[in-house]
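In what follows, a single structure is set out as structure tokens and then discussed.
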Amino acid sequence: MRSISGIWKTSFLFAVVAAMLAFSVPAFAAPDINRVAFEGNSKVKTDTLQEQVRSRAHTPFSPQLAETDVARLTEVYRRSGRAAATVTYRTVELPNGRVDLVFTIVEGDKTGVKEIRFIGNEVYSTRRLVGMMETTEMNFLSFLKTSDVYDPDRIAADLELIRRFYLKNGYADFRVISSDAQFDPTVAGYIITITVHEGPQYRVSSVSVESHLPDVDGAALSGLLRLAPGDVYNGDAVEKTVEALTREIAKKGYAFTQARPRGERNPVDQTVAIQFLLEEGPRVYIERINIRGNTRTRDYVIRREFDIGEGDAYNRVLIDHAERRLNGLGYFKKVKITNEPGSAPDRVILNVDVEDQPTGNFGVSGGYSTNQGFISEVSVSESNFMGRGQAVRLSVQAGQIARGVTFSFTEPYFLDQRIAAGFDVFARRQDAYNYSIYSSTSIGGTVRFGIPITDEISFSPHYSVYQTTISIPNDKNRPYNDCLVPVLGYTPGFSPFYPAPSLFLNCQSNGEASLGIKGSQGTLVTSLVGYSLNYSTIDNFKNPHNGWMASFNQDVAGLGGGAHYIRSTGDIRYFKEIPYVDDVVGIVRLQGGDLSTFGSYKARIQDNFNLGPTLVRGFAPGGIGPRDSNILTSFSNNRGNSLGGSNYVGASLEVQFPFWYLPKDLGLRGALFADAGSLWNFRGQTNYASNLPTIPIYVPGQLGTCIAAYTAIAGFGQGSCLTPIANNFALRSSVGASVLWNSPMGPIRFDYAVVTSKVYGDITQNFRFSGGTNF
């Protein structure tokens, strides 16, 4: 009995303890989070930090999860260039078993990339390689930029750019051995060390296409090769050849075939024999294409960049090409395409992971140029309008000389084809009285298309209709038409201060517009159709070092409207990096144009080519070419009476070079140039006797059809004929130096030219400055 009683008492005691423990459990349960707060952050927005933490309000607090959040927030600051930032957390107890989770942040100073070092590079200098990278080094302009913030993803992209650069220039053995980033507290920044192996430069010894496909002759595809024996090996050319061969054999019904390049290096003579093998690949189909991560860009905008779709044969070459296209759109921070097995062994699923980035821009720009004076512009643009991939831009320009508004819209895939279509609507007014003695107002629009023919050639037709109004001011400040309409109280003969006009004091001595300009007064509607044919092989649009860039433009006016002419212009530029000198580029430019009228139409002043520093630096705008030879008009206001010409040619040689002892990140470069060109052949009206209300005064030696002078009071005045001087081909030339600054505020250029040859009547302008800013 005693043992049973003892057992009962022991059991009862255990039951009581268990009950007590059960009731005490809530005292040890994790409290709920009332809210997650951040304090001390100013450089990184709270919304950005909130997206990174996994601790959430109304969930149980976990110290382990909070520590993970601390690490994630520290990484956010490290990627934003503040590696010295510290993050801690604390909890604030609240009633009812709740807590506030507070992350305390000490942001510290900005810790960017202090120095980028290259080891193993002998062919290209560290300066040149660093200049190719998006990542930059810290300097006194760091407060204006974020590219000097250490970002491992950006560094990886930079290394890929450098790898492709070496392969493009013949270094087939190039590889990045290592990339190391160390934070150095003594300099408060990262030191990035990149070790590379360049290897020798290879030339192509032979190139061929070998086909393992029935009914496909490899030799017949040789026209698609982008390389030839003797060429420097070019990785980009190999890649483009692979794409071209893959597309061509797909058209022949071999959807699963891929072109595979194979190179046999000969280290002795440093050549490589390239063979493109056409082989039947595995018969795998694309079961599905998943688009993930696009919160703004619509699915079809991404899918249309693929040349293949769901149900088509899987082709890695075309998929890689689509990935490059998507990365080039500018809509995404990153794009990555991966595969996963499908529902059957011959099925594959493509996963396209993207991350949208802001594509809108509000810009306020301003600047000054010797042509346009002070200029300001406010613009709003969006390159991915409503996630549809469309581009929209509205800009308003105001300045000393020019004012206007422009609206543009572009659809890059018109009718679901790779044809860009868009329109522009504009209204502009220009009062360039320093270089032209009239003001002009233009209102109109353009419908345009862009059709890619190859990777290098594009065709762009367009149609434009616009109304141009030419007016000549005539008041005491600018009495440029007082020979026809005297200004009372000011024009000689109509003023008590100048009662009688004379040879040296008359309506022209205070400045008078040429008869050619007067004949162009009024409003004219121009309706024209035209096209541009463009060719480009340059390696970098922002800073070209090698390649060709050419364009040919032609407009035909006469589809309605009052103007009837054919205007043709051409421009060719060749860029070549000078061997054995670091980052020095030679540029050769040729340009020319022709204007021909048809019917009875006589070209007006605004139809002609009116050129100056854009043809030969060292001359003022409108400072080259035919001018009105009326001696009084030329004497009093020669600058404003350019007539323009129907033909021009020009050539330019330029060498651009860096300032080697300055940081390349400053964007400063120098240039030496030599220009030569001519503008000639004024074909406009020269006799205005029939439409000017004059009192004729004939002068011996003049043609009987020309009225030598006229005024309302039969005094000295302007004749009824103009005789263009400098109307024949005559070469103008100049030499000079420039400073180019690709500043954070926009491109700025200073040109100083010395004219070495000119023609009587030309207007020179040694110094020219242009620049702008976006902020």
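In the structure tokens, the first chain shown is A, the next is B, and so on; residue numbers restart at 1 for each chain, and ligands run from 1 in the order shown.
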
How close does region 379-443 of chain A get to region 288-298 of chain A? List, as CSV, each residue of region 379-443 of chain A within 9 Å, its nearest atom pair and the distance in Å to one decimal, counting only C-alpha atoms.
residue,atom,partner,partner_atom,distance
A:Asn384,CA,A:Thr297,CA,7.6
A:Met386,CA,A:Arg296,CA,7.5
A:Gly387,CA,A:Thr297,CA,4.0
A:Arg388,CA,A:Arg298,CA,6.2
A:Gly389,CA,A:Thr297,CA,7.5

When you look at region 526-543 of chain A with a cut-off of 7 Å (counting only C-alpha atoms), what residues show up, excluding the ones that are within fewer than 3 positions of it in the same chain? I need them as a PDB file with all heavy atoms, in the first residue's frame.
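Ended up saving to selection-v2.pdb:
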ATOM      1  N   GLU A 456      24.955  47.046 -90.278  1.00  0.00           N
ATOM      2  CA  GLU A 456      25.706  48.270 -90.542  1.00  0.00           C
ATOM      3  C   GLU A 456      24.931  49.292 -91.380  1.00  0.00           C
ATOM      4  O   GLU A 456      25.270  50.467 -91.385  1.00  0.00           O
ATOM      5  CB  GLU A 456      27.018  47.952 -91.282  1.00  0.00           C
ATOM      6  CG  GLU A 456      28.031  47.165 -90.486  1.00  0.00           C
ATOM      7  CD  GLU A 456      27.760  45.672 -90.520  1.00  0.00           C
ATOM      8  OE1 GLU A 456      26.999  45.235 -91.418  1.00  0.00           O
ATOM      9  OE2 GLU A 456      28.288  44.945 -89.659  1.00  0.00           O
ATOM     10  N   ILE A 457      23.915  48.852 -92.104  1.00  0.00           N
ATOM     11  CA  ILE A 457      23.231  49.728 -93.058  1.00  0.00           C
ATOM     12  C   ILE A 457      21.770  49.898 -92.652  1.00  0.00           C
ATOM     13  O   ILE A 457      21.096  48.916 -92.311  1.00  0.00           O
ATOM     14  CB  ILE A 457      23.306  49.157 -94.490  1.00  0.00           C
ATOM     15  CG1 ILE A 457      24.767  48.985 -94.917  1.00  0.00           C
ATOM     16  CG2 ILE A 457      22.590  50.062 -95.474  1.00  0.00           C
ATOM     17  CD1 ILE A 457      24.927  48.288 -96.246  1.00  0.00           C
ATOM     18  N   SER A 458      21.298  51.129 -92.708  1.00  0.00           N
ATOM     19  CA  SER A 458      19.886  51.404 -92.430  1.00  0.00           C
ATOM     20  C   SER A 458      19.354  52.402 -93.456  1.00  0.00           C
ATOM     21  O   SER A 458      20.098  53.243 -93.979  1.00  0.00           O
ATOM     22  CB  SER A 458      19.695  51.956 -91.012  1.00  0.00           C
ATOM     23  OG  SER A 458      20.353  53.205 -90.866  1.00  0.00           O
ATOM     24  N   PHE A 459      18.065  52.306 -93.721  1.00  0.00           N
ATOM     25  CA  PHE A 459      17.385  53.157 -94.692  1.00  0.00           C
ATOM     26  C   PHE A 459      16.244  53.868 -93.975  1.00  0.00           C
ATOM     27  O   PHE A 459      15.427  53.223 -93.311  1.00  0.00           O
ATOM     28  CB  PHE A 459      16.866  52.314 -95.858  1.00  0.00           C
ATOM     29  CG  PHE A 459      16.079  53.096 -96.872  1.00  0.00           C
ATOM     30  CD1 PHE A 459      16.693  54.010 -97.696  1.00  0.00           C
ATOM     31  CD2 PHE A 459      14.706  52.898 -96.998  1.00  0.00           C
ATOM     32  CE1 PHE A 459      15.964  54.725 -98.644  1.00  0.00           C
ATOM     33  CE2 PHE A 459      13.973  53.606 -97.936  1.00  0.00           C
ATOM     34  CZ  PHE A 459      14.613  54.524 -98.762  1.00  0.00           C
ATOM     35  N   SER A 460      16.187  55.198 -94.095  1.00  0.00           N
ATOM     36  CA  SER A 460      15.209  55.983 -93.334  1.00  0.00           C
ATOM     37  C   SER A 460      14.463  56.942 -94.255  1.00  0.00           C
ATOM     38  O   SER A 460      14.922  58.071 -94.492  1.00  0.00           O
ATOM     39  CB  SER A 460      15.909  56.762 -92.210  1.00  0.00           C
ATOM     40  OG  SER A 460      16.622  55.901 -91.362  1.00  0.00           O
ATOM     41  N   PRO A 461      13.311  56.542 -94.779  1.00  0.00           N
ATOM     42  CA  PRO A 461      12.504  57.476 -95.578  1.00  0.00           C
ATOM     43  C   PRO A 461      11.705  58.407 -94.670  1.00  0.00           C
ATOM     44  O   PRO A 461      11.436  58.088 -93.503  1.00  0.00           O
ATOM     45  CB  PRO A 461      11.586  56.540 -96.365  1.00  0.00           C
ATOM     46  CG  PRO A 461      11.457  55.322 -95.507  1.00  0.00           C
ATOM     47  CD  PRO A 461      12.757  55.181 -94.766  1.00  0.00           C
ATOM     48  N   HIS A 462      11.326  59.547 -95.206  1.00  0.00           N
ATOM     49  CA  HIS A 462      10.543  60.497 -94.426  1.00  0.00           C
ATOM     50  C   HIS A 462       9.747  61.413 -95.344  1.00  0.00           C
ATOM     51  O   HIS A 462      10.053  61.553 -96.532  1.00  0.00           O
ATOM     52  CB  HIS A 462      11.450  61.339 -93.511  1.00  0.00           C
ATOM     53  CG  HIS A 462      12.456  62.168 -94.262  1.00  0.00           C
ATOM     54  ND1 HIS A 462      13.733  61.733 -94.511  1.00  0.00           N
ATOM     55  CD2 HIS A 462      12.370  63.397 -94.835  1.00  0.00           C
ATOM     56  CE1 HIS A 462      14.390  62.652 -95.191  1.00  0.00           C
ATOM     57  NE2 HIS A 462      13.588  63.675 -95.402  1.00  0.00           N
ATOM     58  N   TYR A 463       8.716  62.021 -94.771  1.00  0.00           N
ATOM     59  CA  TYR A 463       7.938  63.047 -95.463  1.00  0.00           C
ATOM     60  C   TYR A 463       7.776  64.223 -94.517  1.00  0.00           C
ATOM     61  O   TYR A 463       7.445  64.046 -93.332  1.00  0.00           O
ATOM     62  CB  TYR A 463       6.562  62.524 -95.879  1.00  0.00           C
ATOM     63  CG  TYR A 463       5.652  63.639 -96.364  1.00  0.00           C
ATOM     64  CD1 TYR A 463       5.825  64.192 -97.635  1.00  0.00           C
ATOM     65  CD2 TYR A 463       4.666  64.157 -95.537  1.00  0.00           C
ATOM     66  CE1 TYR A 463       5.025  65.230 -98.075  1.00  0.00           C
ATOM     67  CE2 TYR A 463       3.855  65.203 -95.972  1.00  0.00           C
ATOM     68  CZ  TYR A 463       4.039  65.732 -97.239  1.00  0.00           C
ATOM     69  OH  TYR A 463       3.254  66.766 -97.663  1.00  0.00           O
ATOM     70  N   SER A 464       8.012  65.430 -95.043  1.00  0.00           N
ATOM     71  CA  SER A 464       7.915  66.636 -94.220  1.00  0.00           C
ATOM     72  C   SER A 464       7.070  67.676 -94.929  1.00  0.00           C
ATOM     73  O   SER A 464       7.114  67.807 -96.165  1.00  0.00           O
ATOM     74  CB  SER A 464       9.311  67.222 -93.938  1.00  0.00           C
ATOM     75  OG  SER A 464      10.129  66.323 -93.242  1.00  0.00           O
ATOM     76  N   VAL A 465       6.322  68.406 -94.162  1.00  0.00           N
ATOM     77  CA  VAL A 465       5.609  69.569 -94.666  1.00  0.00           C
ATOM     78  C   VAL A 465       5.722  70.661 -93.609  1.00  0.00           C
ATOM     79  O   VAL A 465       5.513  70.407 -92.422  1.00  0.00           O
ATOM     80  CB  VAL A 465       4.128  69.246 -94.983  1.00  0.00           C
ATOM     81  CG1 VAL A 465       3.386  68.717 -93.763  1.00  0.00           C
ATOM     82  CG2 VAL A 465       3.425  70.475 -95.561  1.00  0.00           C
ATOM     83  N   TYR A 466       6.130  71.833 -94.049  1.00  0.00           N
ATOM     84  CA  TYR A 466       6.297  72.921 -93.091  1.00  0.00           C
ATOM     85  C   TYR A 466       6.110  74.263 -93.797  1.00  0.00           C
ATOM     86  O   TYR A 466       6.276  74.385 -95.016  1.00  0.00           O
ATOM     87  CB  TYR A 466       7.665  72.858 -92.412  1.00  0.00           C
ATOM     88  CG  TYR A 466       8.847  72.795 -93.353  1.00  0.00           C
ATOM     89  CD1 TYR A 466       9.465  73.950 -93.823  1.00  0.00           C
ATOM     90  CD2 TYR A 466       9.355  71.564 -93.771  1.00  0.00           C
ATOM     91  CE1 TYR A 466      10.543  73.894 -94.679  1.00  0.00           C
ATOM     92  CE2 TYR A 466      10.431  71.488 -94.631  1.00  0.00           C
ATOM     93  CZ  TYR A 466      11.024  72.662 -95.075  1.00  0.00           C
ATOM     94  OH  TYR A 466      12.090  72.593 -95.939  1.00  0.00           O
ATOM     95  N   GLN A 467       5.754  75.238 -93.001  1.00  0.00           N
ATOM     96  CA  GLN A 467       5.547  76.596 -93.492  1.00  0.00           C
ATOM     97  C   GLN A 467       6.632  77.491 -92.919  1.00  0.00           C
ATOM     98  O   GLN A 467       6.861  77.513 -91.710  1.00  0.00           O
ATOM     99  CB  GLN A 467       4.162  77.095 -93.067  1.00  0.00           C
ATOM    100  CG  GLN A 467       3.889  78.555 -93.408  1.00  0.00           C
ATOM    101  CD  GLN A 467       2.524  78.993 -92.919  1.00  0.00           C
ATOM    102  OE1 GLN A 467       1.506  78.650 -93.498  1.00  0.00           O
ATOM    103  NE2 GLN A 467       2.505  79.750 -91.833  1.00  0.00           N
ATOM    104  N   ASN A 546      37.751  53.526 -84.067  1.00  0.00           N
ATOM    105  CA  ASN A 546      37.978  52.866 -85.345  1.00  0.00           C
ATOM    106  C   ASN A 546      36.642  52.672 -86.053  1.00  0.00           C
ATOM    107  O   ASN A 546      35.614  52.448 -85.414  1.00  0.00           O
ATOM    108  CB  ASN A 546      38.648  51.500 -85.152  1.00  0.00           C
ATOM    109  CG  ASN A 546      40.077  51.614 -84.641  1.00  0.00           C
ATOM    110  OD1 ASN A 546      41.003  51.921 -85.376  1.00  0.00           O
ATOM    111  ND2 ASN A 546      40.256  51.358 -83.343  1.00  0.00           N
ATOM    112  N   GLY A 547      36.691  52.749 -87.390  1.00  0.00           N
ATOM    113  CA  GLY A 547      35.503  52.441 -88.169  1.00  0.00           C
ATOM    114  C   GLY A 547      35.088  53.567 -89.104  1.00  0.00           C
ATOM    115  O   GLY A 547      35.673  54.659 -89.120  1.00  0.00           O
ATOM    116  N   TRP A 548      34.058  53.260 -89.892  1.00  0.00           N
ATOM    117  CA  TRP A 548      33.492  54.194 -90.861  1.00  0.00           C
ATOM    118  C   TRP A 548      32.103  54.630 -90.413  1.00  0.00           C
ATOM    119  O   TRP A 548      31.369  53.861 -89.797  1.00  0.00           O
ATOM    120  CB  TRP A 548      33.362  53.543 -92.240  1.00  0.00           C
ATOM    121  CG  TRP A 548      34.658  53.252 -92.923  1.00  0.00           C
ATOM    122  CD1 TRP A 548      35.436  52.144 -92.781  1.00  0.00           C
ATOM    123  CD2 TRP A 548      35.326  54.087 -93.874  1.00  0.00           C
ATOM    124  NE1 TRP A 548      36.542  52.232 -93.577  1.00  0.00           N
ATOM    125  CE2 TRP A 548      36.498  53.409 -94.272  1.00  0.00           C
ATOM    126  CE3 TRP A 548      35.037  55.335 -94.442  1.00  0.00           C
ATOM    127  CZ2 TRP A 548      37.390  53.942 -95.196  1.00  0.00           C
ATOM    128  CZ3 TRP A 548      35.917  55.867 -95.371  1.00  0.00           C
ATOM    129  CH2 TRP A 548      37.078  55.179 -95.745  1.00  0.00           C
ATOM    130  N   MET A 549      31.759  55.856 -90.763  1.00  0.00           N
ATOM    131  CA  MET A 549      30.398  56.345 -90.559  1.00  0.00           C
ATOM    132  C   MET A 549      30.054  57.221 -91.764  1.00  0.00           C
ATOM    133  O   MET A 549      30.738  58.217 -92.025  1.00  0.00           O
ATOM    134  CB  MET A 549      30.267  57.128 -89.262  1.00  0.00           C
ATOM    135  CG  MET A 549      28.844  57.553 -88.940  1.00  0.00           C
ATOM    136  SD  MET A 549      28.639  58.126 -87.230  1.00  0.00           S
ATOM    137  CE  MET A 549      29.764  59.514 -87.193  1.00  0.00           C
ATOM    138  N   ALA A 550      29.039  56.827 -92.501  1.00  0.00           N
ATOM    139  CA  ALA A 550      28.693  57.545 -93.718  1.00  0.00           C
ATOM    140  C   ALA A 550      27.190  57.702 -93.817  1.00  0.00           C
ATOM    141  O   ALA A 550      26.422  56.862 -93.334  1.00  0.00           O
ATOM    142  CB  ALA A 550      29.224  56.802 -94.951  1.00  0.00           C
ATOM    143  N   SER A 551      26.764  58.782 -94.458  1.00  0.00           N
ATOM    144  CA  SER A 551      25.335  59.017 -94.674  1.00  0.00           C
ATOM    145  C   SER A 551      25.140  59.734 -95.997  1.00  0.00           C
ATOM    146  O   SER A 551      25.961  60.570 -96.395  1.00  0.00           O
ATOM    147  CB  SER A 551      24.726  59.832 -93.532  1.00  0.00           C
ATOM    148  OG  SER A 551      25.280  61.137 -93.502  1.00  0.00           O
ATOM    149  N   PHE A 552      24.057  59.393 -96.672  1.00  0.00           N
ATOM    150  CA  PHE A 552      23.645  60.090 -97.889  1.00  0.00           C
ATOM    151  C   PHE A 552      22.176  60.457 -97.728  1.00  0.00           C
ATOM    152  O   PHE A 552      21.339  59.599 -97.410  1.00  0.00           O
ATOM    153  CB  PHE A 552      23.841  59.208 -99.125  1.00  0.00           C
ATOM    154  CG  PHE A 552      23.390  59.877-100.394  1.00  0.00           C
ATOM    155  CD1 PHE A 552      24.168  60.861-100.982  1.00  0.00           C
ATOM    156  CD2 PHE A 552      22.178  59.541-100.984  1.00  0.00           C
ATOM    157  CE1 PHE A 552      23.750  61.489-102.154  1.00  0.00           C
ATOM    158  CE2 PHE A 552      21.757  60.159-102.154  1.00  0.00           C
ATOM    159  CZ  PHE A 552      22.550  61.142-102.737  1.00  0.00           C
ATOM    160  N   ASN A 553      21.866  61.733 -97.917  1.00  0.00           N
ATOM    161  CA  ASN A 553      20.511  62.235 -97.712  1.00  0.00           C
ATOM    162  C   ASN A 553      20.028  62.922 -98.978  1.00  0.00           C
ATOM    163  O   ASN A 553      20.791  63.665 -99.627  1.00  0.00           O
ATOM    164  CB  ASN A 553      20.480  63.230 -96.543  1.00  0.00           C
ATOM    165  CG  ASN A 553      21.128  62.679 -95.292  1.00  0.00           C
ATOM    166  OD1 ASN A 553      20.588  61.800 -94.645  1.00  0.00           O
ATOM    167  ND2 ASN A 553      22.314  63.191 -94.964  1.00  0.00           N
ATOM    168  N   GLN A 554      18.781  62.708 -99.292  1.00  0.00           N
ATOM    169  CA  GLN A 554      18.205  63.353-100.473  1.00  0.00           C
ATOM    170  C   GLN A 554      16.748  63.718-100.186  1.00  0.00           C
ATOM    171  O   GLN A 554      15.989  62.901 -99.673  1.00  0.00           O
ATOM    172  CB  GLN A 554      18.294  62.446-101.690  1.00  0.00           C
ATOM    173  CG  GLN A 554      18.017  63.157-103.007  1.00  0.00           C
ATOM    174  CD  GLN A 554      18.435  62.330-104.194  1.00  0.00           C
ATOM    175  OE1 GLN A 554      17.960  61.216-104.373  1.00  0.00           O
ATOM    176  NE2 GLN A 554      19.332  62.859-105.034  1.00  0.00           N
ATOM    177  N   ASP A 555      16.400  64.971-100.511  1.00  0.00           N
ATOM    178  CA  ASP A 555      15.040  65.473-100.354  1.00  0.00           C
ATOM    179  C   ASP A 555      14.546  66.008-101.687  1.00  0.00           C
ATOM    180  O   ASP A 555      15.290  66.703-102.404  1.00  0.00           O
ATOM    181  CB  ASP A 555      14.976  66.589 -99.312  1.00  0.00           C
ATOM    182  CG  ASP A 555      15.285  66.088 -97.914  1.00  0.00           C
ATOM    183  OD1 ASP A 555      14.929  64.945 -97.602  1.00  0.00           O
ATOM    184  OD2 ASP A 555      15.909  66.854 -97.139  1.00  0.00           O
ATOM    185  N   VAL A 556      13.307  65.704-102.004  1.00  0.00           N
ATOM    186  CA  VAL A 556      12.672  66.219-103.219  1.00  0.00           C
ATOM    187  C   VAL A 556      11.458  67.029-102.786  1.00  0.00           C
ATOM    188  O   VAL A 556      10.476  66.474-102.256  1.00  0.00           O
ATOM    189  CB  VAL A 556      12.256  65.077-104.171  1.00  0.00           C
ATOM    190  CG1 VAL A 556      11.570  65.649-105.403  1.00  0.00           C
ATOM    191  CG2 VAL A 556      13.464  64.229-104.562  1.00  0.00           C
ATOM    192  N   ALA A 557      11.512  68.343-102.996  1.00  0.00           N
ATOM    193  CA  ALA A 557      10.406  69.231-102.651  1.00  0.00           C
ATOM    194  C   ALA A 557       9.587  69.504-103.904  1.00  0.00           C
ATOM    195  O   ALA A 557      10.143  69.798-104.969  1.00  0.00           O
ATOM    196  CB  ALA A 557      10.926  70.532-102.062  1.00  0.00           C
ATOM    197  N   GLY A 558       8.274  69.416-103.779  1.00  0.00           N
ATOM    198  CA  GLY A 558       7.413  69.652-104.928  1.00  0.00           C
ATOM    199  C   GLY A 558       6.141  68.843-104.898  1.00  0.00           C
ATOM    200  O   GLY A 558       5.333  68.921-105.817  1.00  0.00           O
ATOM    201  N   LEU A 559       5.932  68.065-103.823  1.00  0.00           N
ATOM    202  CA  LEU A 559       4.677  67.315-103.677  1.00  0.00           C
ATOM    203  C   LEU A 559       3.635  68.249-103.063  1.00  0.00           C
ATOM    204  O   LEU A 559       3.200  68.088-101.931  1.00  0.00           O
ATOM    205  CB  LEU A 559       4.887  66.090-102.797  1.00  0.00           C
ATOM    206  CG  LEU A 559       5.960  65.091-103.263  1.00  0.00           C
ATOM    207  CD1 LEU A 559       6.073  63.942-102.281  1.00  0.00           C
ATOM    208  CD2 LEU A 559       5.611  64.568-104.644  1.00  0.00           C
ATOM    209  N   GLY A 560       3.260  69.255-103.830  1.00  0.00           N
ATOM    210  CA  GLY A 560       2.455  70.321-103.280  1.00  0.00           C
ATOM    211  C   GLY A 560       3.384  71.411-102.760  1.00  0.00           C
ATOM    212  O   GLY A 560       4.615  71.318-102.830  1.00  0.00           O
ATOM    213  N   GLY A 561       2.831  72.461-102.195  1.00  0.00           N
ATOM    214  CA  GLY A 561       3.654  73.553-101.696  1.00  0.00           C
ATOM    215  C   GLY A 561       4.224  74.389-102.815  1.00  0.00           C
ATOM    216  O   GLY A 561       3.975  74.167-104.004  1.00  0.00           O
ATOM    217  N   GLY A 562       5.040  75.382-102.430  1.00  0.00           N
ATOM    218  CA  GLY A 562       5.568  76.313-103.413  1.00  0.00           C
ATOM    219  C   GLY A 562       6.997  76.052-103.821  1.00  0.00           C
ATOM    220  O   GLY A 562       7.463  76.594-104.828  1.00  0.00           O
ATOM    221  N   ALA A 563       7.741  75.242-103.066  1.00  0.00           N
ATOM    222  CA  ALA A 563       9.146  74.988-103.370  1.00  0.00           C
ATOM    223  C   ALA A 563       9.272  73.774-104.287  1.00  0.00           C
ATOM    224  O   ALA A 563       8.533  72.790-104.149  1.00  0.00           O
ATOM    225  CB  ALA A 563       9.929  74.758-102.083  1.00  0.00           C
TER     226      ALA A 563
END

(message) Using only C-alpha atoms, which protein or nucleic acid residues come within 8 Å of region 580-596 of chain A? Drop anything in the same chain fewer than 2 positions from it, and give the result as a ChimeraX atom specification.
(response) /A:124-125,128,545-546,565-578,598,608,646-658

(request) Could you check how far CA of Ala420 (chain A) sits from CA of Gly223 (chain A), in Å to one decimal? (result) 28.2 Å

(request) Name the residues of region 440-632 of chain A that come out as helix (DSSP H, G or I) in a backbone DSSP run; write them as an NGL selection string. (result) :A and (515-518 or 631-632)

Selection file, N, CA, C and O atoms, as an mmCIF file, in the first residue's frame:
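This went into again.cif:
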data_model
loop_
_atom_site.group_PDB
_atom_site.id
_atom_site.type_symbol
_atom_site.label_atom_id
_atom_site.label_comp_id
_atom_site.auth_asym_id
_atom_site.auth_seq_id
_atom_site.Cartn_x
_atom_site.Cartn_y
_atom_site.Cartn_z
ATOM 1 N N LEU A 515 18.741 92.408 -101.859
ATOM 2 C CA LEU A 515 17.550 92.160 -102.665
ATOM 3 C C LEU A 515 17.188 90.676 -102.667
ATOM 4 O O LEU A 515 16.016 90.316 -102.798
ATOM 5 N N GLY A 516 18.193 89.816 -102.543
ATOM 6 C CA GLY A 516 17.907 88.382 -102.478
ATOM 7 C C GLY A 516 17.098 88.022 -101.258
ATOM 8 O O GLY A 516 16.194 87.179 -101.313
ATOM 9 N N ILE A 517 17.400 88.673 -100.144
ATOM 10 C CA ILE A 517 16.622 88.422 -98.925
ATOM 11 C C ILE A 517 15.238 89.031 -99.047
ATOM 12 O O ILE A 517 14.237 88.425 -98.656
ATOM 13 N N LYS A 518 15.162 90.242 -99.616
ATOM 14 C CA LYS A 518 13.852 90.870 -99.787
ATOM 15 C C LYS A 518 12.957 90.043 -100.706
ATOM 16 O O LYS A 518 11.752 89.935 -100.498
ATOM 17 N N ILE A 631 27.941 97.640 -103.177
ATOM 18 C CA ILE A 631 29.065 98.116 -102.379
ATOM 19 C C ILE A 631 28.612 98.781 -101.085
ATOM 20 O O ILE A 631 29.225 98.628 -100.030
ATOM 21 N N LEU A 632 27.461 99.505 -101.138
ATOM 22 C CA LEU A 632 27.020 100.176 -99.928
ATOM 23 C C LEU A 632 26.464 99.172 -98.929
ATOM 24 O O LEU A 632 26.729 99.244 -97.738
#
